[in-house]
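Visitor: This is the structure I want to talk about, given as structure tokens.
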Amino acid sequence: MNSVTHSKEKQIRNSFIYLMEMSVVVLLPLITIPIFTRILTPKDYGVLALATIYAIFMSGLANFGLIAVFERNYSQYRENNVKKSQLLYSCLVFILVNFTLLAGVTIFFKEIISVFLTSSNQNGTLILTVFAGTFFFSTGSAIFYSYFKLEEMAKTYSKYRIVASIVYFVFSLYFVVYLNIGVIGLALAQLITGFFLYFFLFFVFLKNIPFMLNSQIL
């Protein structure tokens, strides 16, 4: 009975932590809206939206559905540290390799992609930056976050999510407001934040979980 009560208390506590984290993550972008709309034009937001659509589509291809697969199969290997490690790193490496290939394609055809999406060949760098930023900030880091949730590490999950949101918030203000470099500043802020977050988490995981791959699990 005590274990059941403790479990319920932990679930309630975790739910509260997730709620606090979500509040911060949602609130910070709302603060920047009235600031950025005075600097960036509707055309800037239009190009950014088109670049984001491309980024989400390509990140989805890079992901290959493995985030959902990871969550679905995690319970199967939860008590087996070797299999759990193989599942984690096999998914991470496969997704990263996919991204590298797709980023190469985007670099090679970025002017064509830019013309197709925006009717201008001047937005290739923005499209590539948004794609890379979306991958590292969201898609690439999603498996790390899924691991924290599956391990019921609510505080750790929320800590990294909040830190990432704050860092992105600061960089976006710095690039767009202080340096006044335009809409590319939002993409750069996301890319810098996501890149360092992704590889920092990768390093943290390598320190605590041995690196192992398994093609059969993949």
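Following the order of the structure tokens, first chain is A, next is B, and so on, with residues numbered from 1 inside each chain and ligands from 1 in the order they appear.
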List as an NGL selection string the protein and nucleic acid residues near Val167 in chain A, meaning an atom at most 12 Å away when only C-alpha atoms are counted, but skip any in the same chain fewer than 2 places from it.
Guide: :A and (25 or 28-29 or 137 or 160-165 or 169-174 or 188-197)
Visitor: Can you check which parts of range 153-192 of chain A lie within 12 Å of range 112-127 of chain A? Per residue, the shortest pair of atoms and distance in Å to one decimal, counting only C-alpha atoms, sorted by chain and number, as a Markdown table.
Guide:
```
| residue | atom | partner | partner_atom | distance |
| --- | --- | --- | --- | --- |
| A:Ile181 | CA | A:Leu126 | CA | 11.9 |
| A:Gly182 | CA | A:Leu126 | CA | 10.6 |
| A:Val183 | CA | A:Leu126 | CA | 8.3 |
| A:Ile184 | CA | A:Leu126 | CA | 5.9 |
| A:Gly185 | CA | A:Leu126 | CA | 9.4 |
| A:Leu186 | CA | A:Leu126 | CA | 9.7 |
| A:Ala187 | CA | A:Leu126 | CA | 7.0 |
| A:Leu188 | CA | A:Leu126 | CA | 8.8 |
| A:Gln190 | CA | A:Leu126 | CA | 11.8 |
| A:Leu191 | CA | A:Leu126 | CA | 11.0 |
```
Visitor: Keeping only N, CA and C atoms, write the selected residues as a short mmCIF file (atom, residue, chain, number, x, y, z; two decimals), in the first residue's frame.
Guide:
```
data_model
loop_
_atom_site.label_atom_id
_atom_site.label_comp_id
_atom_site.auth_asym_id
_atom_site.auth_seq_id
_atom_site.Cartn_x
_atom_site.Cartn_y
_atom_site.Cartn_z
N ILE A 181 20.01 41.43 -37.33
CA ILE A 181 20.38 40.72 -38.55
C ILE A 181 19.17 40.10 -39.25
N GLY A 182 17.98 40.39 -38.75
CA GLY A 182 16.78 39.92 -39.43
C GLY A 182 16.32 38.56 -39.00
N VAL A 183 15.50 37.94 -39.84
CA VAL A 183 14.85 36.68 -39.48
C VAL A 183 15.86 35.54 -39.34
N ILE A 184 17.00 35.66 -40.01
CA ILE A 184 18.04 34.63 -39.88
C ILE A 184 18.51 34.52 -38.43
N GLY A 185 18.31 35.58 -37.65
CA GLY A 185 18.69 35.56 -36.24
C GLY A 185 17.91 34.53 -35.45
N LEU A 186 16.63 34.36 -35.77
CA LEU A 186 15.82 33.35 -35.09
C LEU A 186 16.34 31.95 -35.41
N ALA A 187 16.68 31.75 -36.68
CA ALA A 187 17.19 30.44 -37.09
C ALA A 187 18.54 30.15 -36.45
N LEU A 188 19.41 31.15 -36.39
CA LEU A 188 20.72 30.97 -35.77
C LEU A 188 20.59 30.69 -34.27
N GLN A 190 18.15 29.24 -32.75
CA GLN A 190 17.68 27.86 -32.58
C GLN A 190 18.79 26.86 -32.88
N LEU A 191 19.56 27.13 -33.93
CA LEU A 191 20.64 26.22 -34.32
C LEU A 191 21.72 26.16 -33.24
#
```
Visitor: So that I can check the surroundings of range 58-70 of chain A, please list as a list of chain:residue names every protein, DNA and RNA residue that reaches within 7 Å of it, counting only C-alpha atoms and ignoring chain neighbours fewer than 2 positions away.
Guide: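 That gives A:Tyr54, A:Ala55, A:Ile56, A:Arg72, A:Asn73, A:Tyr74, A:Cys91, A:Ile95, A:Asn98, A:Phe99, A:Phe135, A:Thr139, A:Ile143.
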Visitor: What does the distance between CA of Lys83 in chain A and CA of Tyr18 in chain A come to in Å, to one decimal place?
Guide: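 Computing it gives 28.1 Å between the two atoms.
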Visitor: Determine which residues of range 16-217 of chain A receive a DSSP assignment of alpha helix (DSSP H), computed from the backbone, and state them as number ranges by chain.
Guide: A: 16-36, 42-63, 66-77, 81-108, 110-118, 124-134, 142-150, 154-173, 184-208
Visitor: Do you have the CA of Glu151 in chain A-CA of Phe16 in chain A distance handy?
Guide: 16.6 Å
Visitor: Using only C-alpha atoms, which residues sit within 12 Å of Lys149 in chain A once same-chain residues fewer than 2 positions away are excluded, as a list of chain:residue names?
Guide: A:Gln11, A:Asn14, A:Ser15, A:Ile17, A:Tyr18, A:Glu71, A:Tyr74, A:Ala142, A:Ile143, A:Phe144, A:Tyr145, A:Ser146, A:Tyr147, A:Glu151, A:Glu152, A:Met153, A:Ala154, A:Lys155, A:Thr156, A:Tyr157, A:Ser158, A:Arg161
Visitor: CA of Leu27 in chain A and CA of Val177 in chain A, how far apart in Å?
Guide: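 Taking CA of Val177 in chain A and CA of Leu27 in chain A, their separation equals 18.7 Å.
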